[in-house]
>>> print(open('entry.pdb').read())   # PDB, C-alpha atoms, pLDDT in the B column
ATOM      1  CA  PHE I 100     -41.335  50.028 -72.655  1.00 31.00           C
ATOM      2  CA  PHE I 101     -41.261  51.085 -68.984  1.00 31.00           C
ATOM      3  CA  ARG I 102     -44.035  48.633 -68.035  1.00 33.00           C
ATOM      4  CA  LEU I 103     -42.286  45.771 -69.839  1.00 31.00           C
ATOM      5  CA  THR I 104     -38.997  46.620 -68.101  1.00 32.00           C
ATOM      6  CA  LEU I 105     -40.766  46.778 -64.725  1.00 31.00           C
ATOM      7  CA  LEU I 106     -42.482  43.426 -65.334  1.00 31.00           C
ATOM      8  CA  ARG I 107     -39.154  41.845 -66.302  1.00 35.00           C
ATOM      9  CA  ALA I 108     -37.530  43.247 -63.148  1.00 40.00           C
ATOM     10  CA  MET I 109     -40.374  41.907 -61.007  1.00 39.00           C
ATOM     11  CA  ALA I 110     -40.114  38.474 -62.628  1.00 37.00           C
ATOM     12  CA  ALA I 111     -36.340  38.482 -62.128  1.00 48.00           C
ATOM     13  CA  ALA I 112     -36.816  39.409 -58.456  1.00 55.00           C
ATOM     14  CA  ASP I 113     -39.371  36.608 -57.982  1.00 59.00           C
ATOM     15  CA  GLY I 114     -36.987  34.142 -59.610  1.00 76.00           C
ATOM     16  CA  LEU I 115     -34.168  35.414 -57.395  1.00 77.00           C
ATOM     17  CA  VAL I 116     -36.085  34.519 -54.233  1.00 80.00           C
ATOM     18  CA  ASP I 117     -36.584  30.950 -55.454  1.00 81.00           C
ATOM     19  CA  LYS I 118     -32.899  30.670 -56.376  1.00 82.00           C
ATOM     20  CA  VAL I 119     -31.751  31.960 -52.994  1.00 81.00           C
ATOM     21  CA  LEU I 120     -34.107  29.617 -51.128  1.00 79.00           C
ATOM     22  CA  HIS I 121     -32.872  26.676 -53.204  1.00 77.00           C
ATOM     23  CA  GLN I 122     -29.231  27.692 -52.800  1.00 79.00           C
ATOM     24  CA  TYR I 123     -29.357  28.151 -49.022  1.00 81.00           C
ATOM     25  CA  ASP I 124     -32.421  26.513 -47.453  1.00 78.00           C
ATOM     26  CA  SER I 125     -32.943  23.179 -49.220  1.00 80.00           C
ATOM     27  CA  PRO I 126     -31.883  20.044 -47.303  1.00 83.00           C
ATOM     28  CA  ALA I 127     -28.870  19.516 -49.584  1.00 82.00           C
ATOM     29  CA  ALA I 128     -27.816  23.169 -49.211  1.00 80.00           C
ATOM     30  CA  MET I 129     -28.196  23.050 -45.420  1.00 78.00           C
ATOM     31  CA  CYS I 130     -25.968  19.955 -45.354  1.00 83.00           C
ATOM     32  CA  PHE I 131     -23.358  21.637 -47.573  1.00 80.00           C
ATOM     33  CA  TYR I 132     -23.263  24.888 -45.616  1.00 77.00           C
ATOM     34  CA  ASN I 133     -23.213  23.106 -42.247  1.00 77.00           C
ATOM     35  CA  THR I 134     -20.309  20.834 -43.177  1.00 79.00           C
ATOM     36  CA  VAL I 135     -18.244  22.458 -45.936  1.00 78.00           C
ATOM     37  CA  MET I 136     -18.685  26.211 -46.282  1.00 74.00           C
ATOM     38  CA  GLY I 137     -17.050  28.021 -43.402  1.00 69.00           C
ATOM     39  CA  GLY I 138     -15.249  24.855 -42.389  1.00 74.00           C
ATOM     40  CA  GLY I 139     -18.290  23.443 -40.604  1.00 75.00           C
ATOM     41  CA  ALA I 140     -18.159  26.069 -37.851  1.00 77.00           C
ATOM     42  CA  GLY I 141     -21.449  27.781 -38.698  1.00 79.00           C
ATOM     43  CA  ASN I 142     -20.195  30.638 -40.874  1.00 81.00           C
ATOM     44  CA  ILE I 143     -21.430  30.323 -44.442  1.00 79.00           C
ATOM     45  CA  HIS I 144     -19.209  32.857 -46.159  1.00 78.00           C
ATOM     46  CA  TYR I 145     -15.684  33.186 -47.449  1.00 82.00           C
ATOM     47  CA  GLY I 146     -12.761  33.796 -45.147  1.00 87.00           C
ATOM     48  CA  ILE I 147      -9.585  35.775 -44.628  1.00 89.00           C
ATOM     49  CA  PHE I 148      -6.521  33.556 -44.489  1.00 92.00           C
ATOM     50  CA  ARG I 149      -3.849  35.306 -42.431  1.00 93.00           C
ATOM     51  CA  HIS I 150      -1.386  32.450 -42.826  1.00 92.00           C
ATOM     52  CA  THR I 151      -1.229  29.168 -44.704  1.00 92.00           C
ATOM     53  CA  THR I 152      -1.825  26.911 -41.704  1.00 94.00           C
ATOM     54  CA  GLU I 153      -5.277  28.294 -40.884  1.00 93.00           C
ATOM     55  CA  THR I 154      -8.350  26.156 -41.428  1.00 91.00           C
ATOM     56  CA  LEU I 155     -11.373  27.331 -43.377  1.00 88.00           C
ATOM     57  CA  ALA I 156     -13.266  27.661 -40.079  1.00 89.00           C
ATOM     58  CA  GLU I 157     -10.542  29.953 -38.715  1.00 91.00           C
ATOM     59  CA  ALA I 158     -10.430  31.999 -41.922  1.00 90.00           C
ATOM     60  CA  SER I 159     -14.220  32.400 -41.885  1.00 90.00           C
ATOM     61  CA  GLN I 160     -14.116  33.588 -38.277  1.00 92.00           C
ATOM     62  CA  ASN I 161     -11.301  35.978 -39.244  1.00 93.00           C
ATOM     63  CA  ALA I 162     -13.719  37.609 -41.721  1.00 92.00           C
ATOM     64  CA  VAL I 163     -16.317  38.047 -38.968  1.00 94.00           C
ATOM     65  CA  ASP I 164     -13.700  39.434 -36.594  1.00 95.00           C
ATOM     66  CA  TYR I 165     -12.366  41.820 -39.238  1.00 95.00           C
ATOM     67  CA  LEU I 166     -15.783  43.367 -39.879  1.00 95.00           C
ATOM     68  CA  ALA I 167     -16.495  43.515 -36.129  1.00 95.00           C
ATOM     69  CA  ASP I 168     -13.151  45.304 -35.590  1.00 95.00           C
ATOM     70  CA  GLN I 169     -14.103  47.901 -38.201  1.00 95.00           C
ATOM     71  CA  ILE I 170     -17.466  48.450 -36.537  1.00 95.00           C
ATOM     72  CA  ARG I 171     -15.886  48.728 -33.085  1.00 93.00           C
ATOM     73  CA  TRP I 172     -13.524  51.362 -34.473  1.00 92.00           C
ATOM     74  CA  LEU I 173     -16.369  53.342 -36.103  1.00 93.00           C
ATOM     75  CA  VAL I 174     -19.008  53.427 -33.354  1.00 90.00           C
ATOM     76  CA  ARG I 175     -19.018  56.478 -31.109  1.00 82.00           C
ATOM     77  CA  ASN I 176     -19.530  54.591 -27.853  1.00 84.00           C
ATOM     78  CA  PRO I 177     -18.696  50.980 -27.020  1.00 91.00           C
ATOM     79  CA  LEU I 178     -21.536  48.634 -27.919  1.00 94.00           C
ATOM     80  CA  GLY I 179     -23.277  46.918 -25.025  1.00 95.00           C
ATOM     81  CA  PRO I 180     -26.585  45.439 -23.848  1.00 95.00           C
ATOM     82  CA  SER I 181     -28.572  48.606 -24.621  1.00 96.00           C
ATOM     83  CA  HIS I 182     -27.517  48.579 -28.296  1.00 97.00           C
ATOM     84  CA  LYS I 183     -29.265  46.880 -31.204  1.00 98.00           C
ATOM     85  CA  MET I 184     -27.676  45.373 -34.309  1.00 98.00           C
ATOM     86  CA  LEU I 185     -29.473  44.310 -37.487  1.00 98.00           C
ATOM     87  CA  ASP I 186     -27.832  41.421 -39.352  1.00 98.00           C
ATOM     88  CA  LEU I 187     -29.076  41.399 -42.969  1.00 97.00           C
ATOM     89  CA  GLY I 188     -28.948  37.918 -44.461  1.00 94.00           C
ATOM     90  CA  SER I 189     -28.023  36.407 -41.100  1.00 94.00           C
ATOM     91  CA  GLY I 190     -27.964  32.821 -42.370  1.00 92.00           C
ATOM     92  CA  THR I 191     -27.461  30.244 -39.639  1.00 92.00           C
ATOM     93  CA  GLY I 192     -26.550  32.977 -37.169  1.00 94.00           C
ATOM     94  CA  ALA I 193     -22.842  32.320 -36.605  1.00 94.00           C
ATOM     95  CA  ALA I 194     -21.798  35.968 -37.077  1.00 95.00           C
ATOM     96  CA  ALA I 195     -24.763  37.119 -34.989  1.00 97.00           C
ATOM     97  CA  MET I 196     -23.734  34.828 -32.093  1.00 97.00           C
ATOM     98  CA  SER I 197     -20.162  36.064 -32.397  1.00 96.00           C
ATOM     99  CA  ASN I 198     -21.383  39.669 -32.179  1.00 97.00           C
ATOM    100  CA  VAL I 199     -23.644  38.954 -29.204  1.00 98.00           C
ATOM    101  CA  GLU I 200     -20.672  37.356 -27.466  1.00 96.00           C
ATOM    102  CA  ARG I 201     -18.259  40.112 -28.430  1.00 96.00           C
ATOM    103  CA  PHE I 202     -20.406  43.216 -27.910  1.00 96.00           C
ATOM    104  CA  GLY I 203     -23.182  42.044 -25.588  1.00 96.00           C
ATOM    105  CA  CYS I 204     -25.752  43.773 -27.808  1.00 97.00           C
ATOM    106  CA  HIS I 205     -29.064  42.413 -29.091  1.00 98.00           C
ATOM    107  CA  VAL I 206     -28.895  41.141 -32.681  1.00 98.00           C
ATOM    108  CA  THR I 207     -31.908  40.845 -34.955  1.00 98.00           C
ATOM    109  CA  GLY I 208     -31.248  38.557 -37.886  1.00 97.00           C
ATOM    110  CA  PHE I 209     -33.295  39.314 -41.012  1.00 97.00           C
ATOM    111  CA  ASN I 210     -33.092  36.393 -43.385  1.00 95.00           C
ATOM    112  CA  LEU I 211     -35.116  34.851 -46.216  1.00 93.00           C
ATOM    113  CA  CYS I 212     -34.582  31.209 -45.244  1.00 91.00           C
ATOM    114  CA  PRO I 213     -36.820  29.717 -42.537  1.00 94.00           C
ATOM    115  CA  ASN I 214     -34.670  26.600 -42.012  1.00 92.00           C
ATOM    116  CA  GLN I 215     -31.575  28.730 -41.463  1.00 93.00           C
ATOM    117  CA  ASN I 216     -33.518  30.970 -39.073  1.00 95.00           C
ATOM    118  CA  ALA I 217     -34.663  27.947 -37.052  1.00 95.00           C
ATOM    119  CA  GLN I 218     -31.062  26.736 -36.854  1.00 93.00           C
ATOM    120  CA  ALA I 219     -29.903  30.202 -35.740  1.00 95.00           C
ATOM    121  CA  GLU I 220     -32.532  30.375 -33.004  1.00 97.00           C
ATOM    122  CA  ALA I 221     -31.620  26.871 -31.796  1.00 96.00           C
ATOM    123  CA  GLU I 222     -27.952  27.886 -31.647  1.00 95.00           C
ATOM    124  CA  ALA I 223     -28.853  31.055 -29.716  1.00 97.00           C
ATOM    125  CA  ALA I 224     -30.774  28.946 -27.197  1.00 97.00           C
ATOM    126  CA  ARG I 225     -27.890  26.448 -26.930  1.00 96.00           C
ATOM    127  CA  MET I 226     -25.465  29.314 -26.205  1.00 96.00           C
ATOM    128  CA  GLY I 227     -27.836  31.009 -23.743  1.00 97.00           C
ATOM    129  CA  PHE I 228     -28.392  33.989 -26.072  1.00 97.00           C
ATOM    130  CA  GLN I 229     -32.122  33.504 -26.679  1.00 95.00           C
ATOM    131  CA  ASP I 230     -32.833  36.872 -25.012  1.00 97.00           C
ATOM    132  CA  ARG I 231     -30.246  38.654 -27.188  1.00 97.00           C
ATOM    133  CA  PHE I 232     -31.002  37.180 -30.606  1.00 98.00           C
ATOM    134  CA  THR I 233     -34.151  37.237 -32.726  1.00 97.00           C
ATOM    135  CA  ALA I 234     -34.520  35.759 -36.200  1.00 97.00           C
ATOM    136  CA  VAL I 235     -37.039  37.414 -38.512  1.00 97.00           C
ATOM    137  CA  THR I 236     -37.952  35.714 -41.777  1.00 96.00           C
ATOM    138  CA  GLY I 237     -38.325  38.172 -44.617  1.00 95.00           C
ATOM    139  CA  ASN I 238     -37.287  39.271 -48.086  1.00 94.00           C
ATOM    140  CA  PHE I 239     -35.275  42.493 -47.876  1.00 90.00           C
ATOM    141  CA  ASP I 240     -36.251  43.334 -51.463  1.00 91.00           C
ATOM    142  CA  GLN I 241     -39.803  43.784 -50.159  1.00 93.00           C
ATOM    143  CA  GLY I 242     -38.586  46.309 -47.612  1.00 94.00           C
ATOM    144  CA  LEU I 243     -37.771  46.101 -43.944  1.00 97.00           C
ATOM    145  CA  PRO I 244     -40.500  46.333 -41.293  1.00 97.00           C
ATOM    146  CA  GLU I 245     -41.939  49.842 -40.947  1.00 97.00           C
ATOM    147  CA  ASP I 246     -41.593  49.795 -37.164  1.00 97.00           C
ATOM    148  CA  TRP I 247     -37.806  49.462 -37.501  1.00 98.00           C
ATOM    149  CA  THR I 248     -37.362  53.128 -38.470  1.00 98.00           C
ATOM    150  CA  GLU I 249     -34.347  54.552 -36.568  1.00 98.00           C
ATOM    151  CA  SER I 250     -34.090  51.382 -34.463  1.00 98.00           C
ATOM    152  CA  PHE I 251     -30.553  50.073 -34.940  1.00 98.00           C
ATOM    153  CA  ASP I 252     -27.152  51.266 -33.731  1.00 97.00           C
ATOM    154  CA  VAL I 253     -25.368  48.976 -36.192  1.00 97.00           C
ATOM    155  CA  VAL I 254     -26.394  47.256 -39.412  1.00 98.00           C
ATOM    156  CA  TRP I 255     -24.252  44.255 -40.382  1.00 97.00           C
ATOM    157  CA  SER I 256     -24.241  42.525 -43.750  1.00 96.00           C
ATOM    158  CA  GLU I 257     -21.803  39.827 -44.716  1.00 94.00           C
ATOM    159  CA  GLU I 258     -21.986  38.625 -48.313  1.00 90.00           C
ATOM    160  CA  SER I 259     -25.751  39.049 -48.571  1.00 90.00           C
ATOM    161  CA  LEU I 260     -26.416  42.287 -50.469  1.00 90.00           C
ATOM    162  CA  CYS I 261     -25.320  40.489 -53.636  1.00 87.00           C
ATOM    163  CA  HIS I 262     -28.653  38.625 -53.425  1.00 87.00           C
ATOM    164  CA  SER I 263     -30.722  41.816 -53.643  1.00 90.00           C
ATOM    165  CA  ALA I 264     -32.492  42.596 -56.912  1.00 88.00           C
ATOM    166  CA  ASP I 265     -32.562  46.328 -56.058  1.00 91.00           C
ATOM    167  CA  LYS I 266     -29.506  47.304 -54.038  1.00 91.00           C
ATOM    168  CA  ALA I 267     -30.198  51.051 -54.102  1.00 93.00           C
ATOM    169  CA  LYS I 268     -33.669  50.495 -52.634  1.00 95.00           C
ATOM    170  CA  LEU I 269     -32.246  48.160 -49.995  1.00 95.00           C
ATOM    171  CA  ILE I 270     -29.569  50.694 -48.981  1.00 96.00           C
ATOM    172  CA  ALA I 271     -32.320  53.322 -48.594  1.00 97.00           C
ATOM    173  CA  GLU I 272     -34.246  50.907 -46.358  1.00 97.00           C
ATOM    174  CA  VAL I 273     -31.116  50.271 -44.283  1.00 97.00           C
ATOM    175  CA  ALA I 274     -30.621  54.032 -43.868  1.00 97.00           C
ATOM    176  CA  ARG I 275     -34.226  54.376 -42.691  1.00 98.00           C
ATOM    177  CA  CYS I 276     -33.695  51.715 -40.018  1.00 98.00           C
ATOM    178  CA  MET I 277     -30.465  53.238 -38.657  1.00 98.00           C
ATOM    179  CA  LYS I 278     -30.460  55.524 -35.650  1.00 97.00           C
ATOM    180  CA  PRO I 279     -28.734  58.879 -36.196  1.00 96.00           C
ATOM    181  CA  GLY I 280     -24.990  58.232 -36.045  1.00 94.00           C
ATOM    182  CA  ALA I 281     -25.382  54.472 -36.568  1.00 96.00           C
ATOM    183  CA  VAL I 282     -22.812  52.404 -38.474  1.00 96.00           C
ATOM    184  CA  PHE I 283     -23.395  50.160 -41.505  1.00 97.00           C
ATOM    185  CA  GLY I 284     -20.684  47.523 -41.826  1.00 96.00           C
ATOM    186  CA  LEU I 285     -20.684  45.233 -44.836  1.00 93.00           C
ATOM    187  CA  THR I 286     -18.627  42.902 -46.930  1.00 91.00           C
ATOM    188  CA  ASP I 287     -19.815  41.497 -50.213  1.00 88.00           C
ATOM    189  CA  ILE I 288     -18.873  39.653 -53.348  1.00 80.00           C
ATOM    190  CA  MET I 289     -17.952  42.033 -56.158  1.00 73.00           C
ATOM    191  CA  ALA I 290     -16.279  41.855 -59.543  1.00 66.00           C
ATOM    192  CA  GLY I 291     -12.588  42.713 -59.385  1.00 65.00           C
ATOM    193  CA  GLY I 292     -10.572  44.578 -61.983  1.00 67.00           C
ATOM    194  CA  GLY I 293     -10.955  41.739 -64.467  1.00 67.00           C
ATOM    195  CA  GLY I 294     -14.660  41.202 -63.800  1.00 60.00           C
ATOM    196  CA  THR I 295     -17.335  41.608 -66.419  1.00 63.00           C
ATOM    197  CA  PRO I 296     -20.182  43.950 -65.464  1.00 59.00           C
ATOM    198  CA  PRO I 297     -23.691  42.447 -65.715  1.00 58.00           C
ATOM    199  CA  ARG I 298     -25.735  43.304 -68.785  1.00 59.00           C
TER     200      ARG I 298
END
>>> encode(input="entry.pdb", output="structure tokens")
Amino acid sequence: FFRLTLLRAMAAADGLVDKVLHQYDSPAAMCFYNTVMGGGAGNIHYGIFRHTTETLAEASQNAVDYLADQIRWLVRNPLGPSHKMLDLGSGTGAAAMSNVERFGCHVTGFNLCPNQNAQAEAEAARMGFQDRFTAVTGNFDQGLPEDWTESFDVVWSEESLCHSADKAKLIAEVARCMKPGAVFGLTDIMAGGGGTPPR
């Protein structure tokens, strides 16, 4: 029974990678996320509408700013050039660029999709942030790099943990990569009060 369950979980995880790559990194998906999701401003997540006249691009940036405000409030010392942030599921890098601009820290984006990573690196170069942003292609369900142990002052995740097949394992990996006293800021898609739990 255990072996069968493990094999099913492994097959589901393998299928999840293909689904995520198709959903985010195919040419059609790249076109959709670059023009529609986030209002065409680079963010590929939902937003926070503070008033009815805001655009989707503004609402998406509000979500980035909200999470950054929470992190700024939680960190012991102001973030600056000597600090390192890990952005899990960094997508096309819009939140990472916003955080480089806001905090002046170095951001490492860890993301499954090579086309998104290439777009993020091109945007970093365009903005003059190529020395403060690095995109690493990887599957966080296979673990984070061993040499990242106690490396990051902040871990950021915006609507990406929902794509993990083993969230508990991923959270343990995040904890391993955090420096003592580091902050983990995240937002994600979750079932509300009327949601149906997965079977």
>>> resolve_selection(input="entry.pdb", expression="the PyMOL selection byres ((chain I and resi 247-262) around 9)", output="PyMOL selection string")
chain I and resi 115-116+119+144-145+162-163+166-167+170+174+178+182-189+194-195+243-246+263-264+266+269+272-289
>>> atom_distance(input="entry.pdb", atom1="atom CA of Thr152 of chain I", atom2="atom CA of Gly138 of chain I")
13.6 Å
>>> axis_aligned_box(input="entry.pdb", around="segment 271-278 of chain I", padding_each_side="3 Å", output="AutoDock Vina command-line options")
--center_x -32.4 --center_y 52.9 --center_z -42.1 --size_x 9.8 --size_y 11.3 --size_z 18.9
>>> resolve_selection(input="entry.pdb", expression="the PyMOL selection byres ((chain I and resi 227-241) around 6)", output="compact mmCIF listing (two decimals) with C-alpha atoms, keeping the file's coordinate frame")
# COMPACT_ATOMS: atom_id res chain seq x y z
CA HIS I 205 -29.06 42.41 -29.09
CA VAL I 206 -28.90 41.14 -32.68
CA THR I 207 -31.91 40.84 -34.96
CA GLY I 208 -31.25 38.56 -37.89
CA PHE I 209 -33.30 39.31 -41.01
CA ASN I 210 -33.09 36.39 -43.38
CA LEU I 211 -35.12 34.85 -46.22
CA ASN I 216 -33.52 30.97 -39.07
CA ALA I 223 -28.85 31.06 -29.72
CA ALA I 224 -30.77 28.95 -27.20
CA ARG I 225 -27.89 26.45 -26.93
CA MET I 226 -25.46 29.31 -26.20
CA GLY I 242 -38.59 46.31 -47.61
CA LEU I 243 -37.77 46.10 -43.94
>>> resolve_selection(input="entry.pdb", expression="the PyMOL selection byres ((chain I and resi 160) around 9)", output="PyMOL selection string")
chain I and resi 137+140+142+146-147+155-159+161-165+193-194+197
>>> atom_distance(input="entry.pdb", atom1="atom CA of Pro213 of chain I", atom2="atom CA of Asp124 of chain I")
7.3 Å
>>> closest_residue(input="entry.pdb", among="I:Arg171, I:Gly141, I:Ala219, I:Lys118", to="Arg201 of chain I", atoms="only C-alpha atoms")
I:Arg171
>>> atom_distance(input="entry.pdb", atom1="atom CA of Gln215 of chain I", atom2="atom CA of Glu200 of chain I")
19.7 Å
>>> build_atoms(input="entry.pdb", residues="segment 232-246 of chain I", atoms="N, CA, C and O atoms", output="PDB file, keeping the file's coordinate frame")
ATOM      1  N   PHE I 232     -30.953  37.448 -29.167  1.00 98.00           N
ATOM      2  CA  PHE I 232     -31.002  37.180 -30.606  1.00 98.00           C
ATOM      3  C   PHE I 232     -32.429  36.882 -31.019  1.00 98.00           C
ATOM      4  O   PHE I 232     -33.129  36.113 -30.370  1.00 98.00           O
ATOM      5  N   THR I 233     -32.841  37.490 -32.127  1.00 97.00           N
ATOM      6  CA  THR I 233     -34.151  37.237 -32.726  1.00 97.00           C
ATOM      7  C   THR I 233     -33.968  37.050 -34.219  1.00 97.00           C
ATOM      8  O   THR I 233     -33.293  37.859 -34.860  1.00 97.00           O
ATOM      9  N   ALA I 234     -34.544  35.988 -34.757  1.00 97.00           N
ATOM     10  CA  ALA I 234     -34.520  35.759 -36.200  1.00 97.00           C
ATOM     11  C   ALA I 234     -35.868  36.165 -36.781  1.00 97.00           C
ATOM     12  O   ALA I 234     -36.914  35.745 -36.284  1.00 97.00           O
ATOM     13  N   VAL I 235     -35.835  36.980 -37.819  1.00 97.00           N
ATOM     14  CA  VAL I 235     -37.039  37.414 -38.512  1.00 97.00           C
ATOM     15  C   VAL I 235     -36.931  36.936 -39.955  1.00 97.00           C
ATOM     16  O   VAL I 235     -35.939  37.226 -40.631  1.00 97.00           O
ATOM     17  N   THR I 236     -37.937  36.198 -40.402  1.00 96.00           N
ATOM     18  CA  THR I 236     -37.952  35.714 -41.777  1.00 96.00           C
ATOM     19  C   THR I 236     -38.559  36.788 -42.672  1.00 96.00           C
ATOM     20  O   THR I 236     -39.655  37.284 -42.394  1.00 96.00           O
ATOM     21  N   GLY I 237     -37.820  37.160 -43.712  1.00 95.00           N
ATOM     22  CA  GLY I 237     -38.325  38.172 -44.617  1.00 95.00           C
ATOM     23  C   GLY I 237     -37.431  38.332 -45.829  1.00 95.00           C
ATOM     24  O   GLY I 237     -36.292  37.880 -45.847  1.00 95.00           O
ATOM     25  N   ASN I 238     -37.977  38.995 -46.829  1.00 94.00           N
ATOM     26  CA  ASN I 238     -37.287  39.271 -48.086  1.00 94.00           C
ATOM     27  C   ASN I 238     -36.909  40.750 -48.091  1.00 94.00           C
ATOM     28  O   ASN I 238     -37.794  41.606 -48.190  1.00 94.00           O
ATOM     29  N   PHE I 239     -35.645  41.075 -47.982  1.00 90.00           N
ATOM     30  CA  PHE I 239     -35.275  42.493 -47.876  1.00 90.00           C
ATOM     31  C   PHE I 239     -35.572  43.281 -49.143  1.00 90.00           C
ATOM     32  O   PHE I 239     -35.616  44.497 -49.111  1.00 90.00           O
ATOM     33  N   ASP I 240     -35.831  42.612 -50.261  1.00 91.00           N
ATOM     34  CA  ASP I 240     -36.251  43.334 -51.463  1.00 91.00           C
ATOM     35  C   ASP I 240     -37.706  43.811 -51.370  1.00 91.00           C
ATOM     36  O   ASP I 240     -38.151  44.616 -52.181  1.00 91.00           O
ATOM     37  N   GLN I 241     -38.434  43.312 -50.395  1.00 93.00           N
ATOM     38  CA  GLN I 241     -39.803  43.784 -50.159  1.00 93.00           C
ATOM     39  C   GLN I 241     -39.841  44.834 -49.059  1.00 93.00           C
ATOM     40  O   GLN I 241     -40.903  45.215 -48.593  1.00 93.00           O
ATOM     41  N   GLY I 242     -38.684  45.287 -48.650  1.00 94.00           N
ATOM     42  CA  GLY I 242     -38.586  46.309 -47.612  1.00 94.00           C
ATOM     43  C   GLY I 242     -38.412  45.695 -46.239  1.00 94.00           C
ATOM     44  O   GLY I 242     -38.690  44.518 -46.019  1.00 94.00           O
ATOM     45  N   LEU I 243     -37.927  46.509 -45.337  1.00 97.00           N
ATOM     46  CA  LEU I 243     -37.771  46.101 -43.944  1.00 97.00           C
ATOM     47  C   LEU I 243     -38.996  46.573 -43.166  1.00 97.00           C
ATOM     48  O   LEU I 243     -39.679  47.507 -43.596  1.00 97.00           O
ATOM     49  N   PRO I 244     -39.296  45.948 -42.041  1.00 97.00           N
ATOM     50  CA  PRO I 244     -40.500  46.333 -41.293  1.00 97.00           C
ATOM     51  C   PRO I 244     -40.560  47.834 -40.995  1.00 97.00           C
ATOM     52  O   PRO I 244     -39.559  48.450 -40.623  1.00 97.00           O
ATOM     53  N   GLU I 245     -41.745  48.397 -41.156  1.00 97.00           N
ATOM     54  CA  GLU I 245     -41.939  49.842 -40.947  1.00 97.00           C
ATOM     55  C   GLU I 245     -41.579  50.269 -39.537  1.00 97.00           C
ATOM     56  O   GLU I 245     -41.064  51.359 -39.320  1.00 97.00           O
ATOM     57  N   ASP I 246     -41.850  49.405 -38.554  1.00 97.00           N
ATOM     58  CA  ASP I 246     -41.593  49.795 -37.164  1.00 97.00           C
ATOM     59  C   ASP I 246     -40.109  49.731 -36.791  1.00 97.00           C
ATOM     60  O   ASP I 246     -39.747  49.978 -35.650  1.00 97.00           O
TER      61      ASP I 246
END
